[in-house]
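Raw query27.cif, mmCIF, C-alpha atoms:
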```cif
data_protein
#
loop_
_atom_site.label_atom_id
_atom_site.label_comp_id
_atom_site.auth_asym_id
_atom_site.auth_seq_id
_atom_site.Cartn_x
_atom_site.Cartn_y
_atom_site.Cartn_z
CA MET A 1 18.48 9.82 -34.05
CA ALA A 2 21.14 7.18 -34.68
CA CYS A 3 21.69 6.85 -38.40
CA GLY A 4 24.04 4.54 -40.26
CA LEU A 5 22.64 5.07 -43.74
CA PRO A 6 21.46 8.26 -45.46
CA ARG A 7 17.83 9.05 -46.02
CA THR A 8 16.46 8.20 -49.43
CA PHE A 9 13.50 10.20 -50.74
CA SER A 10 11.28 9.90 -53.77
CA SER A 11 12.04 12.27 -56.62
CA SER A 12 8.90 14.40 -56.13
CA ALA A 13 8.69 16.10 -52.70
CA MET A 14 5.43 17.69 -51.59
CA GLN A 15 5.61 21.42 -50.90
CA LEU A 16 3.32 22.92 -48.24
CA THR A 17 2.00 26.48 -48.50
CA LYS A 18 -0.01 28.75 -46.19
CA LYS A 19 -3.12 28.31 -48.33
CA PHE A 20 -2.65 24.54 -48.52
CA VAL A 21 -2.30 24.14 -44.75
CA LYS A 22 -4.99 26.66 -43.78
CA ALA A 23 -7.55 24.80 -45.91
CA LYS A 24 -7.22 21.88 -43.47
CA ASN A 25 -8.36 24.03 -40.49
CA PRO A 26 -5.24 23.64 -38.32
CA CYS A 27 -5.19 24.67 -34.67
CA ALA A 28 -4.18 28.29 -34.07
CA GLY A 29 -0.94 27.37 -32.33
CA GLY A 30 0.23 25.01 -35.05
CA TYR A 31 -0.60 27.44 -37.84
CA LYS A 32 1.26 30.29 -36.10
CA TRP A 33 4.26 27.98 -35.70
CA PHE A 34 4.17 27.18 -39.44
CA ILE A 35 4.04 30.88 -40.37
CA ARG A 36 6.72 31.88 -37.87
CA ASP A 37 9.22 29.06 -38.27
CA HIS A 38 8.74 28.21 -41.97
CA ASN A 39 7.45 31.49 -43.42
CA GLY A 40 4.28 29.67 -44.46
CA GLN A 41 5.95 27.23 -46.82
CA GLY A 42 8.26 24.23 -46.84
CA ASP A 43 8.94 20.66 -47.86
CA TYR A 44 6.38 18.26 -46.32
CA GLN A 45 8.87 15.93 -44.61
CA ALA A 46 11.11 18.81 -43.51
CA VAL A 47 8.11 20.39 -41.76
CA LEU A 48 7.28 17.06 -40.07
CA ASP A 49 10.88 16.76 -38.86
CA ALA A 50 10.89 20.34 -37.57
CA LEU A 51 7.62 19.84 -35.67
CA VAL A 52 8.98 16.72 -33.99
CA ALA A 53 12.28 18.44 -33.15
CA ASP A 54 10.28 21.29 -31.56
CA GLY A 55 8.29 18.86 -29.40
CA ARG A 56 5.10 19.28 -31.45
CA VAL A 57 4.62 15.57 -32.17
CA GLY A 58 0.82 15.84 -32.04
CA ASP A 59 0.90 18.54 -34.71
CA ALA A 60 3.18 16.37 -36.85
CA CYS A 61 0.72 13.47 -36.60
CA TRP A 62 -2.16 15.80 -37.46
CA LEU A 63 -0.28 17.02 -40.54
CA LEU A 64 0.32 13.43 -41.66
CA ASP A 65 -3.37 12.66 -41.15
CA GLN A 66 -4.29 15.59 -43.41
CA PHE A 67 -1.80 15.17 -46.26
CA GLY A 68 -1.26 11.42 -46.20
CA PRO A 69 1.69 9.17 -47.08
CA THR A 70 4.48 9.64 -49.61
CA ASP A 71 6.72 7.17 -51.46
CA ALA A 72 9.82 8.35 -49.59
CA VAL A 73 11.97 5.77 -47.79
CA LEU A 74 14.04 6.37 -44.65
CA ARG A 75 16.81 3.73 -44.42
CA LEU A 76 18.89 3.48 -41.25
CA ASP A 77 21.20 1.03 -39.49
CA SER A 78 19.47 1.74 -36.17
CA LEU A 79 16.94 4.24 -34.87
CA GLU A 80 16.92 5.83 -31.41
CA ALA A 81 14.98 9.06 -30.90
CA ASP A 82 12.45 10.88 -28.73
CA ALA A 83 9.89 10.58 -31.55
CA VAL A 84 9.74 9.88 -35.29
CA VAL A 85 6.99 10.88 -37.75
CA PHE A 86 7.87 9.96 -41.33
CA ALA A 87 5.46 10.27 -44.26
CA GLY A 88 6.84 7.28 -46.20
CA THR A 89 8.37 3.93 -45.23
CA ILE A 90 10.86 3.43 -42.39
CA GLU A 91 13.40 0.64 -42.97
CA VAL A 92 15.87 -0.11 -40.14
CA ARG A 93 18.47 -2.84 -40.35
CA MET A 94 18.69 -3.34 -36.57
CA GLY A 95 16.21 -2.12 -33.93
CA ILE A 96 13.92 0.86 -33.32
CA ASN A 97 13.87 2.42 -29.84
CA VAL A 98 11.71 5.54 -29.45
CA ASP A 99 10.70 7.32 -26.24
CA THR A 100 7.23 8.35 -27.40
CA VAL A 101 5.84 7.94 -30.94
CA VAL A 102 7.12 6.09 -34.01
CA ARG A 103 4.81 6.64 -36.95
CA ALA A 104 5.09 6.03 -40.69
CA GLY A 105 2.69 7.04 -43.44
CA ARG A 106 3.38 3.69 -45.10
CA SER A 107 5.29 0.76 -43.54
CA ILE A 108 7.73 0.15 -40.67
CA VAL A 109 10.22 -2.65 -41.34
CA THR A 110 13.12 -3.66 -39.10
CA GLY A 111 15.41 -6.65 -38.69
CA GLY A 112 15.34 -6.10 -34.91
CA GLY A 113 12.65 -5.10 -32.44
CA ILE A 114 10.40 -2.05 -32.13
CA ARG A 115 9.87 -0.28 -28.80
CA ALA A 116 7.92 2.93 -28.30
CA GLY A 117 6.90 4.55 -25.03
CA GLU A 118 3.53 5.73 -26.35
CA THR A 119 2.48 4.72 -29.88
CA ILE A 120 3.57 2.58 -32.82
CA MET A 121 1.58 3.38 -35.96
CA ALA A 122 1.86 2.70 -39.68
CA GLY A 123 -0.49 3.35 -42.57
CA GLU A 124 0.44 -0.03 -44.05
CA ASN A 125 2.50 -2.93 -42.56
CA ILE A 126 4.62 -3.29 -39.42
CA THR A 127 7.27 -6.03 -39.56
CA ALA A 128 9.90 -6.78 -36.89
CA GLY A 129 12.63 -9.38 -36.56
CA ALA A 130 12.20 -9.45 -32.76
CA ASN A 131 9.65 -8.01 -30.26
CA ILE A 132 7.12 -5.27 -30.90
CA ALA A 133 6.34 -3.39 -27.67
CA SER A 134 4.26 -0.25 -27.25
CA GLY A 135 3.60 1.66 -24.04
CA GLY A 136 0.31 2.81 -25.60
CA ASN A 137 -1.46 1.91 -28.85
CA LEU A 138 -0.30 -0.23 -31.74
CA ARG A 139 -2.04 0.51 -35.05
CA ALA A 140 -1.46 -0.62 -38.62
CA GLY A 141 -3.48 -0.27 -41.80
CA GLY A 142 -2.02 -3.55 -43.08
CA ASP A 143 -0.35 -6.58 -41.46
CA VAL A 144 1.59 -6.75 -38.18
CA ALA A 145 4.23 -9.48 -37.89
CA ALA A 146 6.85 -10.18 -35.21
CA GLU A 147 9.46 -12.92 -35.06
CA TRP A 148 9.12 -12.79 -31.26
CA GLY A 149 6.14 -11.35 -29.34
CA ILE A 150 3.75 -8.40 -29.57
CA ASP A 151 2.84 -6.42 -26.45
CA THR A 152 0.81 -3.20 -26.31
CA ALA A 153 -0.26 -1.45 -23.11
CA THR A 154 -3.57 -0.26 -24.57
CA ARG A 155 -5.28 -1.05 -27.92
CA LEU A 156 -4.06 -3.11 -30.84
CA ASP A 157 -5.83 -2.21 -34.11
CA CYS A 158 -4.86 -3.89 -37.37
CA GLY A 159 -6.40 -3.64 -40.82
CA GLY A 160 -4.76 -6.89 -41.96
CA ASN A 161 -3.35 -9.98 -40.22
CA VAL A 162 -1.49 -10.13 -36.90
CA ARG A 163 1.12 -12.85 -36.45
CA ALA A 164 3.75 -13.49 -33.76
CA LYS A 165 5.86 -16.54 -32.96
CA TRP A 166 5.51 -15.85 -29.21
CA ASP A 167 2.69 -14.16 -27.22
CA ILE A 168 0.31 -11.45 -28.41
CA CYS A 169 -0.86 -9.29 -25.49
CA ALA A 170 -2.98 -6.12 -25.29
CA GLY A 171 -3.99 -4.02 -22.31
CA GLN A 172 -7.29 -3.04 -23.92
CA ASP A 173 -9.24 -4.18 -27.00
CA LEU A 174 -7.57 -6.23 -29.72
CA ALA A 175 -9.22 -5.61 -33.13
CA VAL A 176 -7.97 -7.40 -36.25
CA THR A 177 -9.58 -7.33 -39.69
CA GLY A 178 -7.75 -10.45 -40.91
CA HIS A 179 -6.32 -13.49 -39.10
CA LEU A 180 -4.86 -13.48 -35.58
CA HIS A 181 -2.12 -16.09 -35.04
CA ALA A 182 0.29 -16.57 -32.11
CA GLY A 183 2.79 -19.34 -31.48
CA GLN A 184 2.04 -19.06 -27.76
CA ASP A 185 -0.74 -17.20 -25.88
CA ILE A 186 -3.16 -14.50 -27.03
CA SER A 187 -4.49 -12.37 -24.16
CA THR A 188 -6.15 -9.02 -23.63
CA GLN A 189 -7.76 -7.11 -20.78
CA GLY A 190 -10.39 -5.94 -23.26
CA ALA A 191 -12.24 -7.67 -26.09
CA ILE A 192 -10.94 -9.64 -29.08
CA LYS A 193 -12.67 -8.87 -32.38
CA CYS A 194 -11.25 -10.75 -35.36
CA GLY A 195 -12.60 -10.62 -38.90
CA GLN A 196 -11.12 -14.02 -39.82
CA GLY A 197 -9.72 -16.86 -37.70
CA ILE A 198 -7.88 -17.00 -34.36
CA LYS A 199 -5.15 -19.57 -33.74
CA ALA A 200 -2.84 -19.87 -30.72
CA GLY A 201 -0.34 -22.50 -29.63
CA GLY A 202 -1.32 -21.71 -26.04
CA GLU A 203 -4.35 -19.99 -24.52
CA VAL A 204 -6.80 -17.45 -25.95
CA ARG A 205 -8.08 -15.21 -23.15
CA ALA A 206 -10.02 -11.93 -23.02
CA ASP A 207 -11.50 -10.09 -20.04
CA LYS A 208 -14.43 -9.08 -22.28
CA GLU A 209 -15.95 -10.72 -25.37
CA ILE A 210 -14.28 -12.80 -28.08
CA ASN A 211 -15.77 -12.67 -31.58
CA ALA A 212 -14.19 -14.26 -34.66
CA GLY A 213 -15.58 -14.32 -38.19
CA CYS A 214 -14.12 -17.79 -38.81
CA GLY A 215 -12.85 -20.43 -36.36
CA ILE A 216 -10.93 -20.31 -33.08
CA GLN A 217 -8.26 -22.89 -32.27
CA ALA A 218 -6.13 -22.93 -29.11
CA GLY A 219 -3.59 -25.39 -27.74
CA GLY A 220 -4.79 -24.45 -24.25
CA THR A 221 -7.97 -22.88 -22.89
CA ILE A 222 -10.32 -20.49 -24.70
CA GLN A 223 -11.82 -18.18 -22.08
CA CYS A 224 -13.55 -14.79 -21.98
CA GLY A 225 -15.42 -12.57 -19.54
CA ASP A 226 -18.42 -12.01 -21.83
CA HIS A 227 -19.91 -13.74 -24.91
CA LEU A 228 -17.79 -16.09 -27.04
CA ALA A 229 -18.76 -16.32 -30.71
CA CYS A 230 -17.26 -17.58 -33.97
CA GLY A 231 -18.55 -18.13 -37.49
CA TRP A 232 -16.97 -21.58 -37.81
CA GLY A 233 -15.84 -24.01 -35.10
CA LEU A 234 -14.17 -23.91 -31.68
CA ILE A 235 -11.26 -26.23 -30.80
CA ALA A 236 -9.40 -26.11 -27.46
CA GLY A 237 -6.67 -28.33 -26.06
CA GLU A 238 -8.10 -27.65 -22.58
CA ASP A 239 -11.38 -25.89 -21.63
CA ILE A 240 -13.79 -23.56 -23.44
CA ARG A 241 -15.31 -21.14 -20.92
CA ALA A 242 -17.28 -17.89 -21.16
CA GLU A 243 -19.11 -15.68 -18.68
CA GLY A 244 -21.78 -15.16 -21.35
CA ALA A 245 -23.11 -17.37 -24.16
CA ILE A 246 -20.97 -19.63 -26.36
CA ARG A 247 -22.01 -19.52 -30.03
CA ALA A 248 -20.36 -21.46 -32.86
CA GLY A 249 -21.42 -21.56 -36.49
CA GLU A 250 -20.21 -25.17 -36.64
CA GLY A 251 -18.94 -27.48 -33.85
CA ALA A 252 -17.21 -27.06 -30.51
CA GLN A 253 -14.50 -29.40 -29.24
CA ALA A 254 -12.57 -29.27 -25.96
CA ALA A 255 -10.30 -31.76 -24.21
CA GLY A 256 -11.70 -30.36 -20.95
CA VAL A 257 -15.11 -28.80 -20.30
CA ILE A 258 -17.33 -26.46 -22.32
CA GLU A 259 -19.07 -24.07 -19.95
CA ALA A 260 -21.14 -20.93 -20.57
CA GLY A 261 -21.96 -18.32 -17.93
CA ALA A 262 -24.84 -18.56 -15.50
CA GLY A 263 -28.14 -18.20 -17.32
CA HIS A 264 -26.51 -18.53 -20.76
CA GLY A 265 -26.40 -21.37 -23.26
CA VAL A 266 -23.99 -23.22 -25.54
CA TYR A 267 -25.11 -22.97 -29.17
CA ALA A 268 -23.35 -25.03 -31.84
CA GLY A 269 -24.35 -25.53 -35.48
CA LEU A 270 -25.83 -22.06 -35.92
CA SER A 271 -24.69 -21.98 -39.57
CA VAL A 272 -25.29 -25.68 -40.32
CA ARG A 273 -28.38 -27.50 -41.61
CA LEU A 274 -30.10 -29.60 -38.97
CA ASP A 275 -29.61 -32.79 -40.97
CA ALA A 276 -25.84 -32.17 -41.00
CA TRP A 277 -25.40 -31.57 -37.27
CA ASP A 278 -23.97 -35.03 -36.58
CA VAL A 279 -21.09 -34.27 -38.96
CA CYS A 280 -20.63 -30.47 -38.92
CA ALA A 281 -22.02 -29.38 -35.53
CA ARG A 282 -20.41 -31.91 -33.20
CA VAL A 283 -19.98 -30.93 -29.55
CA VAL A 284 -17.15 -32.83 -27.87
CA ALA A 285 -16.02 -32.36 -24.25
CA ARG A 286 -15.15 -34.27 -21.09
CA THR A 287 -18.79 -33.98 -19.99
CA ARG A 288 -21.95 -32.85 -21.75
CA PRO A 289 -22.39 -29.07 -21.23
CA ALA A 290 -25.29 -28.49 -18.85
CA GLN A 291 -26.38 -25.50 -20.94
CA LEU A 292 -26.17 -27.19 -24.38
CA VAL A 293 -29.02 -25.69 -26.43
CA SER A 294 -28.05 -26.70 -29.97
CA GLY A 295 -25.55 -28.93 -31.72
CA HIS A 296 -24.93 -32.69 -31.81
CA TRP A 297 -23.52 -34.06 -28.54
CA ALA A 298 -20.81 -36.54 -29.60
CA GLY A 299 -19.45 -37.40 -26.16
CA ASP A 300 -15.88 -37.41 -24.88
CA ALA A 301 -13.31 -37.91 -27.62
CA ARG A 302 -10.48 -38.76 -25.20
CA PRO A 303 -9.19 -42.33 -25.46
CA GLU A 304 -10.24 -44.57 -22.58
#
```

Would it be possible to restate this file's structure as structure tokens?
Amino acid sequence: MACGLPRTFSSSAMQLTKKFVKAKNPCAGGYKWFIRDHNGQGDYQAVLDALVADGRVGDACWLLDQFGPTDAVLRLDSLEADAVVFAGTIEVRMGINVDTVVRAGRSIVTGGGIRAGETIMAGENITAGANIASGGNLRAGGDVAAEWGIDTATRLDCGGNVRAKWDICAGQDLAVTGHLHAGQDISTQGAIKCGQGIKAGGEVRADKEINAGCGIQAGGTIQCGDHLACGWGLIAGEDIRAEGAIRAGEGAQAAGVIEAGAGHGVYAGLSVRLDAWDVCARVVARTRPAQLVSGHWAGDARPE
């Protein structure tokens, strides 16, 4: 681990005991290690560090799951390691480069980028001044923000908002409780499930379904391999396409075409009174969707 600044801990350190650990039903191997290497007792973070140093990263993550976060803060100039499991907050002035797992009980904050070969995980926020790249999962209990892009080889799970000035890409499902915003493209080989709104300067694409609690706005195409649904409206600078149904609580507007999958319909105005469709459930596209089931067809909004 490259370290330019000393660690800073909170004044009250948690002490682990045999009874304390055994009550959590640990695996036999991990419990024997704790008895053998630490005589059945030790400082919480010191035990996490020792587990990681001994190649028992999974056991360290299990221990953090059981005993939760602390208020400790690890401050470094830069961080390079095989793995890091810290119970508090990790603050790094430059970048973080980890071969396998970087995990914090609270937040991960860096002025540079974050790269991990397997997993990036924080109980609260993840904030980076450059790229965030994970060879596996990316998970945060709070917000995820990157000054550049976000790229995860498998799942991206976030309990808050996800924001990046460049692309946001996931190899599997992308699940966000809050808003999902990218300056460029948003793409995933799985599904996109967003509790609030989705906004992208470029395209929004998913190989499976897209579901947003609020609206979806894209500078390019909105496209998915299953159903497309949002609680508010859909706006695309190019096409809106889905292999399944297209459902919008309000209107749908595309500079190109709006096209649902074979045998499926386009449903606009699902959350709007019928007498307000001409204002709040407008459907605008280059041509009238052949499968338009509900909503007010307003024609092509492009200038002649």

Restricting the calculation to only C-alpha atoms, which member of A:Gln223, A:Asn125, A:Gln172, A:Ser134 is positioned closest to Gly159 of chain A?
A:Asn125

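Taking atom CA of Ala242 of chain A and atom CA of Leu292 of chain A as the two end points, the separation is 13.3 Å.
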
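Residues within 6 Å of segment 138-148 of chain A, counting all atoms listed in the file and excluding same-chain residues fewer than 3 positions away, are Thr119, Ile120, Met121, Ala122, Gly123, Glu124, Asn125, Ile126, Thr127, Ala128, Gly129, Ala130, Asn131, Leu156, Asp157, Cys158, Gly159, Gly160, Asn161, Val162, Arg163, Ala164, Lys165 and Trp166 of chain A.
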
Check which residues satisfy the PyMOL selection byres ((chain A and resi 117) around 9) in the file shown, then give them as number ranges by chain.
A: 97-101, 115-116, 118-120, 133-136

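Every residue that the PyMOL selection byres ((chain A and resi 171) around 9) selects in this file is listed here: A:Gly136, A:Asp151, A:Thr152, A:Ala153, A:Thr154, A:Arg155, A:Leu156, A:Cys169, A:Ala170, A:Gln172, A:Asp173, A:Leu174, A:Ser187, A:Thr188, A:Gln189, A:Gly190.
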
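Residues in contact with Thr89 of chain A at 8 Å, where all atoms listed in the file are counted and same-chain residues fewer than 6 positions away are skipped, are listed as Asp71, Ala72, Val73, Leu74, Ala104, Gly105, Arg106, Ser107, Ile108 and Val109 of chain A.
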
Just the residues within 6 Å of Gly237 of chain A, please, counting all atoms listed in the file, with nothing from its chain fewer than 2 positions along; format it as a list of chain:residue names.
A:Gly219, A:Gly220, A:Ala254, A:Ala255

In Å, rounded to a single decimal, give me how far atom CA of His181 of chain A is from atom CA of Arg93 of chain A.
25.1 Å

Selection result of the PyMOL selection byres ((chain A and resi 221) around 9) on this file, as a PyMOL selection string:
chain A and resi 202-205+218-220+222-223+236-241+254+256

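What separates atom CA of Gly295 of chain A from atom CA of Gly269 of chain A is a distance of 5.2 Å.
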
Among listed residues A:Gly58, A:Gly263, A:Gly233, A:Gly225, nearest Ala206 of chain A (using only C-alpha atoms):
A:Gly225

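Among the candidates A:Ala191, A:Leu228, A:Ala248, A:Asp278, the one nearest to Gly215 of chain A when counting all atoms listed in the file is A:Ala248.
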
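When all atoms listed in the file are used to measure the gap to Val257 of chain A, the shortest distance among A:Thr287, A:Asn137, A:Thr70, A:Ser271 belongs to A:Thr287.
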
Could you tell me, as an NGL selection string, which residues have any atom at most 7 Å from (-21.9, -24.2, -27.0), counting all atoms listed in the file?
:A and (246-248 or 252 or 258 or 265-268 or 292)

So that I can check the surroundings of Gly68 of chain A, please list as an NGL selection string every protein, DNA and RNA residue that reaches within 8 Å of it, counting only C-alpha atoms and ignoring chain neighbours fewer than 3 positions away.
:A and (64-65 or 87 or 105)
